[in-house]
$ cat run.txt   # compact mmCIF, C-alpha atoms
# COMPACT_ATOMS: atom_id res chain seq x y z
CA MET A 20 -13.57 -16.92 -48.10
CA GLU A 21 -15.13 -13.82 -46.55
CA ASN A 22 -14.15 -13.10 -42.98
CA ARG A 23 -17.73 -12.76 -41.73
CA LEU A 24 -19.26 -13.85 -38.44
CA THR A 25 -22.41 -15.98 -38.73
CA VAL A 26 -24.81 -16.32 -35.79
CA PHE A 27 -28.01 -18.37 -35.59
CA LEU A 28 -30.77 -16.85 -33.42
CA SER A 29 -33.72 -19.04 -32.45
CA ALA A 30 -36.93 -17.63 -30.93
CA GLY A 31 -40.21 -19.51 -30.76
CA GLU A 32 -42.83 -16.90 -29.86
CA ALA A 33 -43.65 -13.19 -29.96
CA SER A 34 -41.74 -12.20 -26.80
CA GLY A 35 -38.63 -14.01 -28.06
CA ASP A 36 -39.00 -12.39 -31.47
CA LEU A 37 -38.83 -8.99 -29.77
CA LEU A 38 -35.70 -9.97 -27.82
CA GLY A 39 -34.14 -11.47 -30.94
CA ALA A 40 -34.79 -8.32 -32.96
CA ALA A 41 -33.08 -6.12 -30.36
CA LEU A 42 -30.13 -8.51 -30.18
CA ALA A 43 -29.86 -8.61 -33.98
CA GLN A 44 -29.77 -4.82 -34.18
CA GLU A 45 -27.05 -4.68 -31.53
CA LEU A 46 -24.91 -7.30 -33.28
CA ILE A 47 -25.31 -5.62 -36.70
CA SER A 48 -24.27 -2.27 -35.22
CA ARG A 49 -21.12 -3.77 -33.72
CA VAL A 50 -19.93 -6.43 -36.17
CA PRO A 51 -19.56 -5.26 -39.79
CA GLY A 52 -20.85 -7.79 -42.30
CA ILE A 53 -22.32 -10.14 -39.69
CA VAL A 54 -24.67 -12.80 -41.08
CA LEU A 55 -27.74 -13.57 -38.98
CA GLN A 56 -29.95 -16.59 -39.59
CA GLY A 57 -32.69 -18.02 -37.45
CA ILE A 58 -36.12 -19.01 -36.33
CA GLY A 59 -38.28 -16.02 -35.50
CA GLY A 60 -40.97 -13.64 -36.65
CA ALA A 61 -41.63 -10.31 -38.31
CA LYS A 62 -39.55 -8.24 -35.88
CA MET A 63 -36.42 -10.37 -36.29
CA ARG A 64 -36.90 -10.40 -40.06
CA ALA A 65 -37.19 -6.59 -40.11
CA ALA A 66 -34.04 -6.35 -37.96
CA GLY A 67 -32.03 -8.22 -40.58
CA VAL A 68 -32.31 -11.90 -39.66
CA ASP A 69 -32.72 -14.42 -42.47
CA ILE A 70 -35.75 -16.32 -41.10
CA ILE A 71 -35.70 -20.04 -41.91
CA TYR A 72 -38.83 -20.96 -39.93
CA ASP A 73 -41.51 -18.49 -38.83
CA ILE A 74 -42.83 -18.47 -35.26
CA ASN A 75 -46.40 -18.53 -36.57
CA ASP A 76 -45.78 -22.22 -37.29
CA LEU A 77 -44.42 -22.87 -33.80
CA ALA A 78 -47.24 -21.75 -31.48
CA LEU A 79 -46.94 -24.64 -29.03
CA PHE A 80 -48.19 -24.70 -25.45
CA GLY A 81 -47.84 -27.66 -23.12
CA ALA A 82 -46.53 -31.20 -23.49
CA VAL A 83 -49.63 -32.59 -25.21
CA GLU A 84 -49.84 -29.80 -27.79
CA VAL A 85 -46.18 -30.31 -28.78
CA LEU A 86 -47.01 -33.81 -30.00
CA ALA A 87 -49.33 -32.36 -32.65
CA LYS A 88 -46.42 -30.41 -34.13
CA LEU A 89 -43.95 -33.31 -34.06
CA PRO A 90 -43.75 -33.61 -37.90
CA LEU A 91 -42.85 -29.91 -38.12
CA LEU A 92 -40.21 -30.26 -35.40
CA LEU A 93 -38.68 -33.18 -37.25
CA ARG A 94 -38.53 -31.08 -40.44
CA ILE A 95 -36.81 -28.29 -38.54
CA ARG A 96 -34.31 -30.76 -37.13
CA LYS A 97 -33.54 -32.14 -40.59
CA SER A 98 -33.10 -28.65 -42.06
CA LEU A 99 -30.78 -27.52 -39.28
CA VAL A 100 -28.68 -30.67 -39.45
CA GLN A 101 -28.14 -29.94 -43.15
CA LEU A 102 -27.43 -26.24 -42.52
CA PHE A 103 -25.08 -26.87 -39.59
CA SER A 104 -23.23 -29.54 -41.58
CA LYS A 105 -22.69 -27.42 -44.72
CA LYS A 106 -22.38 -23.88 -43.35
CA PRO A 107 -22.19 -23.97 -39.55
CA PRO A 108 -22.61 -20.64 -37.77
CA ALA A 109 -20.06 -19.70 -35.14
CA VAL A 110 -22.70 -19.39 -32.43
CA PHE A 111 -26.21 -20.75 -31.85
CA CYS A 112 -28.25 -18.52 -29.51
CA GLY A 113 -31.55 -19.94 -28.26
CA ILE A 114 -33.88 -17.22 -26.97
CA ASP A 115 -36.38 -18.53 -24.41
CA TYR A 116 -38.63 -21.36 -25.73
CA PRO A 117 -36.53 -24.00 -23.95
CA GLY A 118 -38.35 -27.12 -25.13
CA LEU A 119 -37.20 -26.41 -28.68
CA ASN A 120 -34.04 -24.38 -28.15
CA VAL A 121 -32.19 -26.66 -25.75
CA TYR A 122 -32.88 -29.49 -28.17
CA LEU A 123 -31.58 -27.45 -31.13
CA ALA A 124 -28.56 -26.40 -29.07
CA GLY A 125 -27.72 -30.10 -28.76
CA ILE A 126 -27.76 -30.43 -32.56
CA ALA A 127 -25.52 -27.37 -32.89
CA LYS A 128 -23.11 -28.70 -30.26
CA LYS A 129 -22.66 -31.92 -32.23
CA HIS A 130 -21.48 -29.76 -35.14
CA LYS A 131 -18.95 -27.98 -32.90
CA ILE A 132 -20.98 -24.77 -32.81
CA LYS A 133 -20.79 -22.68 -29.64
CA THR A 134 -24.18 -22.57 -27.90
CA LEU A 135 -25.82 -19.93 -25.74
CA CYS A 136 -29.18 -19.74 -23.97
CA TYR A 137 -30.61 -16.25 -23.53
CA LYS A 138 -33.58 -16.15 -21.16
CA ALA A 139 -32.73 -19.69 -20.16
CA PRO A 140 -34.80 -22.72 -19.12
CA SER A 141 -36.26 -22.19 -15.67
CA ILE A 142 -34.44 -24.82 -13.63
CA TRP A 143 -35.23 -22.70 -10.58
CA SER A 144 -38.95 -23.34 -11.13
CA TRP A 145 -39.07 -26.74 -12.81
CA GLY A 146 -36.57 -28.52 -10.61
CA GLU A 147 -33.15 -29.91 -11.26
CA TRP A 148 -34.14 -32.55 -13.82
CA ARG A 149 -33.65 -30.01 -16.63
CA VAL A 150 -30.14 -28.98 -15.69
CA LYS A 151 -28.40 -32.11 -17.00
CA ARG A 152 -29.72 -31.52 -20.50
CA VAL A 153 -28.78 -27.83 -20.40
CA LYS A 154 -25.31 -28.67 -19.08
CA LYS A 155 -24.81 -31.15 -21.93
CA ASN A 156 -26.10 -28.95 -24.76
CA VAL A 157 -25.36 -25.35 -23.73
CA ASP A 158 -21.94 -23.69 -23.38
CA PHE A 159 -23.20 -20.57 -21.60
CA VAL A 160 -26.38 -19.24 -20.02
CA ALA A 161 -27.26 -15.55 -20.21
CA ALA A 162 -29.64 -15.27 -17.25
CA ILE A 163 -32.19 -12.47 -17.00
CA PHE A 164 -32.78 -12.79 -13.24
CA PRO A 165 -30.13 -12.97 -10.50
CA PHE A 166 -31.71 -16.07 -8.93
CA GLU A 167 -31.63 -17.75 -12.35
CA ALA A 168 -27.85 -17.27 -12.70
CA ASP A 169 -27.29 -18.51 -9.15
CA ALA A 170 -29.24 -21.69 -9.90
CA TYR A 171 -27.10 -22.52 -12.93
CA LEU A 172 -23.79 -21.69 -11.28
CA LYS A 173 -24.77 -23.96 -8.40
CA HIS A 174 -24.93 -26.84 -10.89
CA GLY A 175 -21.65 -26.00 -12.62
CA VAL A 176 -23.15 -24.43 -15.74
CA PRO A 177 -21.29 -21.29 -16.93
CA ALA A 178 -23.75 -18.44 -16.45
CA GLU A 179 -23.97 -14.70 -15.96
CA TYR A 180 -26.76 -12.37 -14.90
CA VAL A 181 -27.01 -10.01 -17.87
CA GLY A 182 -29.94 -7.96 -16.66
CA CYS A 183 -33.60 -8.10 -17.60
CA PRO A 184 -34.14 -7.29 -21.30
CA ILE A 185 -37.73 -6.38 -20.61
CA VAL A 186 -36.40 -3.32 -18.78
CA ASP A 187 -34.63 -2.26 -21.99
CA ASN A 188 -37.78 -2.85 -24.05
CA VAL A 189 -39.92 -0.75 -21.75
CA ASN A 190 -37.31 2.00 -21.37
CA SER A 191 -36.83 2.35 -25.13
CA TYR A 192 -40.52 2.23 -26.07
CA LYS A 193 -42.17 5.51 -27.02
CA ILE A 194 -45.63 5.66 -25.46
CA GLU A 195 -48.17 6.73 -28.06
CA ALA A 196 -50.55 9.57 -27.26
CA ASP A 197 -54.18 10.23 -28.18
CA LEU A 198 -55.20 6.57 -27.96
CA HIS A 199 -58.62 7.47 -26.59
CA GLU A 200 -59.42 9.46 -29.70
CA LYS A 201 -57.83 6.98 -32.10
CA PHE A 202 -59.89 4.04 -30.81
CA ALA A 203 -63.05 5.90 -29.74
CA LEU A 204 -62.49 5.24 -26.03
CA ALA A 205 -64.17 7.31 -23.32
CA LYS A 206 -61.63 9.43 -21.44
CA ASN A 207 -63.59 9.40 -18.18
CA VAL A 208 -64.02 5.60 -18.06
CA LYS A 209 -61.33 3.29 -16.66
CA ILE A 210 -59.61 0.90 -19.08
CA ILE A 211 -59.06 -2.75 -18.18
CA LEU A 212 -56.58 -4.64 -20.38
CA LEU A 213 -57.21 -8.20 -21.53
CA LEU A 214 -53.91 -9.99 -22.21
CA PRO A 215 -54.61 -13.66 -23.02
CA GLY A 216 -51.14 -14.44 -24.44
CA SER A 217 -49.35 -14.69 -27.76
CA ARG A 218 -49.91 -18.38 -28.51
CA ARG A 219 -52.98 -19.74 -30.27
CA GLN A 220 -53.48 -22.34 -27.55
CA GLU A 221 -53.52 -19.60 -24.90
CA ILE A 222 -56.07 -17.59 -26.89
CA ASN A 223 -58.33 -20.63 -27.23
CA ASN A 224 -58.01 -21.56 -23.56
CA LEU A 225 -58.07 -18.14 -21.91
CA LEU A 226 -59.81 -15.57 -24.06
CA PRO A 227 -63.35 -16.98 -23.57
CA VAL A 228 -62.81 -16.84 -19.81
CA LEU A 229 -61.46 -13.29 -19.96
CA VAL A 230 -64.37 -12.15 -22.12
CA GLN A 231 -66.87 -13.67 -19.67
CA ALA A 232 -65.02 -12.00 -16.77
CA ALA A 233 -65.26 -8.67 -18.63
CA GLU A 234 -69.03 -9.05 -18.82
CA LEU A 235 -69.28 -9.69 -15.06
CA ILE A 236 -67.08 -6.68 -14.27
CA CYS A 237 -69.29 -4.46 -16.44
CA GLU A 238 -72.32 -5.55 -14.45
CA ARG A 239 -70.68 -4.09 -11.33
CA GLU A 240 -68.65 -1.11 -12.59
CA LYS A 241 -68.55 1.29 -15.51
CA VAL A 242 -65.37 0.28 -17.36
CA GLN A 243 -64.14 -0.40 -20.89
CA PHE A 244 -61.79 -3.12 -22.12
CA VAL A 245 -58.87 -3.12 -24.52
CA LEU A 246 -57.48 -6.32 -26.03
CA PRO A 247 -54.03 -6.03 -27.69
CA ILE A 248 -53.36 -9.03 -29.94
CA ALA A 249 -49.88 -10.28 -30.83
CA SER A 250 -48.76 -10.50 -34.44
CA THR A 251 -48.84 -14.30 -34.09
CA ILE A 252 -52.62 -14.27 -33.53
CA CYS A 253 -55.28 -14.08 -36.25
CA HIS A 254 -57.59 -11.08 -35.71
CA SER A 255 -60.63 -12.95 -37.06
CA ALA A 256 -60.11 -15.79 -34.56
CA VAL A 257 -60.26 -13.27 -31.71
CA ASP A 258 -63.39 -11.65 -33.17
CA LYS A 259 -65.09 -15.05 -33.38
CA ILE A 260 -64.40 -15.82 -29.72
CA ILE A 261 -65.78 -12.44 -28.63
CA ALA A 262 -68.87 -12.84 -30.83
CA LYS A 263 -69.47 -16.40 -29.65
CA ASN A 264 -69.63 -15.25 -26.02
CA LYS A 265 -72.22 -12.56 -26.88
CA VAL A 266 -71.10 -9.98 -24.33
CA ASN A 267 -72.33 -6.44 -23.92
CA ALA A 268 -68.98 -5.24 -22.54
CA LYS A 269 -67.12 -2.78 -24.76
CA ILE A 270 -64.00 -4.67 -25.92
CA THR A 271 -61.72 -2.81 -28.31
CA VAL A 272 -59.19 -4.96 -30.17
CA VAL A 273 -55.89 -3.17 -30.92
CA PRO A 274 -52.52 -4.19 -32.42
CA GLY A 275 -50.14 -5.87 -29.99
CA ASP A 276 -47.50 -3.23 -30.70
CA LEU A 277 -49.64 -0.80 -28.69
CA ALA A 278 -49.72 -2.98 -25.57
CA TYR A 279 -47.14 -0.86 -23.72
CA SER A 280 -48.98 2.35 -24.58
CA PHE A 281 -52.22 0.97 -23.17
CA MET A 282 -50.46 -0.44 -20.10
CA ALA A 283 -49.36 3.12 -19.37
CA ILE A 284 -52.94 4.45 -19.30
CA ALA A 285 -54.98 1.45 -18.13
CA HIS A 286 -56.30 1.04 -14.61
CA SER A 287 -55.56 -2.69 -14.34
CA GLY A 288 -55.58 -5.87 -16.41
CA ILE A 289 -56.06 -9.61 -16.67
CA ALA A 290 -53.12 -11.52 -18.16
CA ALA A 291 -51.84 -14.96 -18.98
CA SER A 292 -48.82 -15.92 -16.92
CA GLY A 293 -45.66 -15.03 -18.82
CA THR A 294 -43.43 -12.17 -19.95
CA VAL A 295 -46.35 -9.76 -20.25
CA THR A 296 -46.85 -9.80 -16.46
CA LEU A 297 -43.37 -8.35 -15.93
CA GLU A 298 -43.82 -5.83 -18.75
CA ALA A 299 -46.98 -4.61 -17.04
CA ALA A 300 -45.22 -4.47 -13.66
CA LEU A 301 -42.51 -2.23 -15.13
CA LEU A 302 -45.28 0.05 -16.42
CA ASP A 303 -46.95 0.16 -13.02
CA LEU A 304 -50.05 -1.81 -14.08
CA PRO A 305 -51.73 -4.13 -11.54
CA LEU A 306 -52.73 -7.47 -13.08
CA VAL A 307 -54.73 -10.53 -12.20
CA ILE A 308 -52.54 -13.40 -13.44
CA VAL A 309 -54.33 -16.42 -14.87
CA TYR A 310 -53.00 -19.79 -15.96
CA ARG A 311 -54.96 -22.50 -17.72
CA MET A 312 -53.71 -25.34 -19.89
CA ASN A 313 -54.47 -28.88 -21.01
CA ALA A 314 -55.32 -31.01 -17.95
CA ILE A 315 -52.63 -33.61 -18.65
CA SER A 316 -49.97 -30.95 -19.28
CA TYR A 317 -51.00 -29.23 -16.06
CA MET A 318 -50.74 -32.42 -14.02
CA LEU A 319 -47.23 -32.96 -15.35
CA ALA A 320 -46.28 -29.35 -14.64
CA LYS A 321 -47.69 -29.47 -11.12
CA ARG A 322 -45.59 -32.52 -10.27
CA LEU A 323 -42.41 -30.87 -11.57
CA ALA A 324 -42.83 -27.26 -10.42
CA LYS A 325 -40.64 -26.19 -7.51
CA VAL A 326 -41.80 -22.60 -6.87
CA ASP A 327 -44.53 -20.98 -4.84
CA PHE A 328 -45.60 -18.51 -7.57
CA ILE A 329 -46.16 -18.57 -11.34
CA GLY A 330 -46.19 -14.79 -11.97
CA LEU A 331 -42.81 -13.21 -12.70
CA PRO A 332 -43.50 -10.08 -10.59
CA ASN A 333 -44.32 -12.32 -7.63
CA LEU A 334 -41.17 -14.37 -8.22
CA VAL A 335 -39.02 -11.23 -8.31
CA ALA A 336 -40.75 -9.83 -5.22
CA LYS A 337 -40.60 -13.26 -3.50
CA LYS A 338 -44.17 -12.72 -2.31
CA ASN A 339 -47.71 -12.68 -3.66
CA ILE A 340 -48.19 -9.06 -4.72
CA LEU A 341 -50.47 -9.88 -7.69
CA PRO A 342 -53.33 -12.39 -7.46
CA GLU A 343 -52.75 -15.71 -9.25
CA LEU A 344 -55.66 -17.83 -10.43
CA ILE A 345 -54.69 -21.28 -11.74
CA GLN A 346 -56.72 -23.83 -13.73
CA GLY A 347 -60.20 -24.15 -12.16
CA GLU A 348 -59.55 -21.12 -9.95
CA ALA A 349 -59.26 -19.01 -13.10
CA SER A 350 -63.01 -18.64 -13.42
CA PRO A 351 -64.81 -15.55 -14.74
CA GLN A 352 -66.35 -15.00 -11.32
CA LYS A 353 -63.06 -15.02 -9.40
CA ILE A 354 -61.25 -12.92 -12.00
CA ALA A 355 -64.05 -10.34 -11.90
CA GLN A 356 -63.90 -10.22 -8.11
CA GLU A 357 -60.15 -9.53 -8.06
CA ILE A 358 -60.50 -6.66 -10.55
CA SER A 359 -63.47 -5.29 -8.62
CA ASN A 360 -61.37 -5.26 -5.44
CA TRP A 361 -59.01 -2.75 -7.07
CA LEU A 362 -61.86 -0.72 -8.55
CA VAL A 363 -63.66 -0.20 -5.24
CA ASP A 364 -60.76 -0.21 -2.73
CA ALA A 365 -58.37 2.66 -3.44
CA SER A 366 -55.99 1.74 -0.62
CA LYS A 367 -55.62 -1.83 -1.92
CA TYR A 368 -54.97 -0.50 -5.41
CA ILE A 369 -52.33 2.00 -4.24
CA HIS A 370 -50.62 -0.68 -2.14
CA THR A 371 -50.34 -2.96 -5.19
CA LYS A 372 -48.79 -0.18 -7.26
CA THR A 373 -46.28 0.49 -4.48
CA GLU A 374 -45.26 -3.17 -4.53
CA LEU A 375 -44.84 -3.01 -8.32
CA ALA A 376 -42.50 -0.04 -7.94
CA ALA A 377 -40.30 -2.18 -5.67
CA VAL A 378 -40.17 -4.89 -8.36
CA ARG A 379 -39.09 -2.31 -10.91
CA GLU A 380 -36.30 -1.15 -8.61
CA LYS A 381 -35.02 -4.71 -8.09
CA LEU A 382 -34.66 -5.26 -11.83
CA GLY A 383 -32.30 -2.33 -12.32
CA THR A 384 -31.74 -0.06 -15.30
CA GLY A 385 -31.18 -2.49 -18.17
CA GLY A 386 -28.31 -3.15 -20.58
CA ALA A 387 -29.04 -6.86 -21.17
CA VAL A 388 -28.81 -6.74 -24.97
CA GLN A 389 -25.32 -5.23 -24.93
CA ARG A 390 -24.11 -7.87 -22.45
CA VAL A 391 -25.55 -10.75 -24.49
CA ALA A 392 -23.91 -9.38 -27.63
CA ASN A 393 -20.60 -9.29 -25.72
CA ILE A 394 -21.03 -12.97 -24.82
CA ILE A 395 -21.84 -13.98 -28.41
CA ILE A 396 -18.78 -12.15 -29.76
CA ALA A 397 -16.59 -13.70 -27.07
CA LEU A 398 -17.89 -17.19 -27.83
CA ALA A 399 -17.23 -16.66 -31.54
CA ASP A 400 -13.70 -15.38 -30.88
CA ASN A 401 -12.92 -18.37 -28.66
CA LYS A 402 -14.08 -20.64 -31.47
CA GLY A 403 -12.26 -18.67 -34.12
CA GLY A 404 -15.72 -18.17 -35.48
CA ARG A 405 -15.42 -16.01 -38.60
CA GLN A 406 -15.99 -17.75 -41.89

$ encode --input "run.txt" --output "structure tokens"
Amino acid sequence: MENRLTVFLSAGEASGDLLGAALAQELISRVPGIVLQGIGGAKMRAAGVDIIYDINDLALFGAVEVLAKLPLLLRIRKSLVQLFSKKPPAVFCGIDYPGLNVYLAGIAKKHKIKTLCYKAPSIWSWGEWRVKRVKKNVDFVAAIFPFEADAYLKHGVPAEYVGCPIVDNVNSYKIEADLHEKFALAKNVKIILLLPGSRRQEINNLLPVLVQAAELICEREKVQFVLPIASTICHSAVDKIIAKNKVNAKITVVPGDLAYSFMAIAHSGIAASGTVTLEAALLDLPLVIVYRMNAISYMLAKRLAKVDFIGLPNLVAKKNILPELIQGEASPQKIAQEISNWLVDASKYIHTKTELAAVREKLGTGGAVQRVANIIIALADNKGGRQ
């Protein structure tokens, strides 16, 4: 039998696919002959992961929406039970997407597979009810924020702050030039980014609101809008939403891979709460953070949430440096007003960018991927995990 290490990487959405791809590349560079399997997308596949289920089939958002995908989740469970029974990997690494990955970690644990959570479930925001399940199913937590590691250690879960991988992503990204010419954008007109999320449910819920807000902003100021769309989103679906709202605002749709490049040149943006808010903060881009979901899912979330903020930059800063508009507050009128405040008040805009610089300093210089790879290799060695 070949003496090869097998690792299963599981990511459920575009941001996790990016993290998984970077981790896969690191593991391949350090472990000759390593076998990588998993749940992910195009980036993980290109990095060398044998993708069993594609993230395009897993675009879930909220408790109610998950129910609609229950048959698919049951098929995934059945497939992984068979895989883990016949050819168990040494390590299962769940990357974000806790509703699925903590569950799958439990299946792996039953087959004596070492389990790791990278970008772990947010027990610091959703309360302590989650920690029992994590403690039962997960051997180790690779935390991407210091307060996250502290929360797990407090509850007796082995954890380590590995650094924020988003810092690595931003640091390693090469900003593309000449975007104005490439996409016929006016150089003397400010760009506002529209970032409605990488899940279909987010696009359906948020993009109409963002498009309407764009129209209101254009009535007050001369600006242009850029909308990067993730690889998980159908371009035609976005075009239909824009056309349905019949706006006069100039909205240029670009590939999601260019999001960082546009963050570097944009004036400000409007974004769904999530990883993208921290990416923008690291690139010095002020955002209005919006959050809208199914009413029942929101009521459940509101009862369980234990934090004062939903935006990651605000959580890192421990204060409200970026405006947050939730549910009914996330109206086109209020979004437009917040963007207009930055457009007309230079001192307010400069103050926000100063606060973002402090967030960037708190997150350090990176190195998360290397530390997570160290943990995976150590877990495999403790298991005797080469097959």

$ closest_residue --input "run.txt" --among "A:Ile126, A:Ile270, A:Ala349, A:Cys237" --to "Asn224 of chain A" --atoms "all atoms listed in the file"
A:Ala349

$ closest_residue --input "run.txt" --among "A:Val186, A:Val121, A:Leu306, A:Leu301" --to "Lys154 of chain A" --atoms "all atoms listed in the file"
A:Val121

$ residues_around --input "run.txt" --residues "Ala290 of chain A" --least-positions-apart "3" --cutoff "9 Å" --atoms "only C-alpha atoms" --output "ChimeraX atom specification"
/A:212-216,229,293,295-296,306-310

$ atom_distance --input "run.txt" --atom1 "atom CA of Gly113 of chain A" --atom2 "atom CA of Ile252 of chain A"
22.4 Å

$ axis_aligned_box --input "run.txt" --around "segment 40-50 of chain A" --padding-each-side "5 Å" --output "JSON"
{"center_x": -27.4, "center_y": -5.4, "center_z": -33.4, "size_x": 24.9, "size_y": 16.3, "size_z": 16.5}

$ decode --input "run.txt" --residues "segment 195-212 of chain A" --atoms "N, CA, C and O atoms" --output "tab-separated table (two decimals), in the first residue's frame"
chain	number	residue	atom	x	y	z
A	195	GLU	N	-4.91	44.38	-10.62
A	195	GLU	CA	-4.85	44.60	-12.06
A	195	GLU	C	-4.98	46.09	-12.40
A	195	GLU	O	-5.74	46.82	-11.76
A	196	ALA	N	-4.25	46.50	-13.41
A	196	ALA	CA	-4.26	47.90	-13.84
A	196	ALA	C	-5.19	48.08	-15.04
A	196	ALA	O	-5.72	47.11	-15.60
A	197	ASP	N	-5.40	49.33	-15.40
A	197	ASP	CA	-6.14	49.70	-16.61
A	197	ASP	C	-7.59	49.19	-16.61
A	197	ASP	O	-8.16	48.88	-17.67
A	198	LEU	N	-8.19	49.10	-15.45
A	198	LEU	CA	-9.57	48.60	-15.38
A	198	LEU	C	-10.56	49.61	-15.97
A	198	LEU	O	-11.60	49.21	-16.51
A	199	HIS	N	-10.25	50.89	-15.85
A	199	HIS	CA	-11.14	51.90	-16.43
A	199	HIS	C	-11.27	51.70	-17.94
A	199	HIS	O	-12.38	51.71	-18.49
A	200	GLU	N	-10.14	51.50	-18.59
A	200	GLU	CA	-10.16	51.31	-20.03
A	200	GLU	C	-10.82	49.98	-20.40
A	200	GLU	O	-11.63	49.91	-21.33
A	201	LYS	N	-10.48	48.94	-19.67
A	201	LYS	CA	-10.99	47.60	-19.99
A	201	LYS	C	-12.50	47.52	-19.93
A	201	LYS	O	-13.13	46.83	-20.74
A	202	PHE	N	-13.11	48.25	-18.97
A	202	PHE	CA	-14.55	48.16	-18.78
A	202	PHE	C	-15.28	49.47	-19.11
A	202	PHE	O	-16.43	49.66	-18.70
A	203	ALA	N	-14.62	50.33	-19.86
A	203	ALA	CA	-15.22	51.59	-20.32
A	203	ALA	C	-15.79	52.42	-19.17
A	203	ALA	O	-16.92	52.91	-19.21
A	204	LEU	N	-14.97	52.57	-18.12
A	204	LEU	CA	-15.36	53.37	-16.96
A	204	LEU	C	-14.70	54.75	-17.04
A	204	LEU	O	-13.56	54.88	-17.48
A	205	ALA	N	-15.43	55.76	-16.60
A	205	ALA	CA	-14.90	57.13	-16.62
A	205	ALA	C	-13.87	57.31	-15.51
A	205	ALA	O	-14.15	56.99	-14.35
A	206	LYS	N	-12.70	57.81	-15.85
A	206	LYS	CA	-11.64	57.96	-14.85
A	206	LYS	C	-11.92	59.06	-13.83
A	206	LYS	O	-11.42	59.02	-12.71
A	207	ASN	N	-12.69	60.05	-14.23
A	207	ASN	CA	-12.94	61.19	-13.34
A	207	ASN	C	-14.25	61.06	-12.56
A	207	ASN	O	-14.73	62.04	-11.97
A	208	VAL	N	-14.84	59.86	-12.56
A	208	VAL	CA	-16.10	59.62	-11.84
A	208	VAL	C	-15.87	58.54	-10.78
A	208	VAL	O	-15.32	57.48	-11.08
A	209	LYS	N	-16.29	58.81	-9.55
A	209	LYS	CA	-16.08	57.86	-8.46
A	209	LYS	C	-16.81	56.54	-8.71
A	209	LYS	O	-17.93	56.53	-9.24
A	210	ILE	N	-16.16	55.45	-8.30
A	210	ILE	CA	-16.75	54.11	-8.42
A	210	ILE	C	-17.31	53.67	-7.07
A	210	ILE	O	-16.62	53.77	-6.05
A	211	ILE	N	-18.54	53.18	-7.09
A	211	ILE	CA	-19.16	52.57	-5.91
A	211	ILE	C	-19.33	51.07	-6.20
A	211	ILE	O	-19.91	50.72	-7.23
A	212	LEU	N	-18.81	50.22	-5.33
A	212	LEU	CA	-18.95	48.78	-5.54
A	212	LEU	C	-20.26	48.26	-4.96
A	212	LEU	O	-20.68	48.69	-3.87
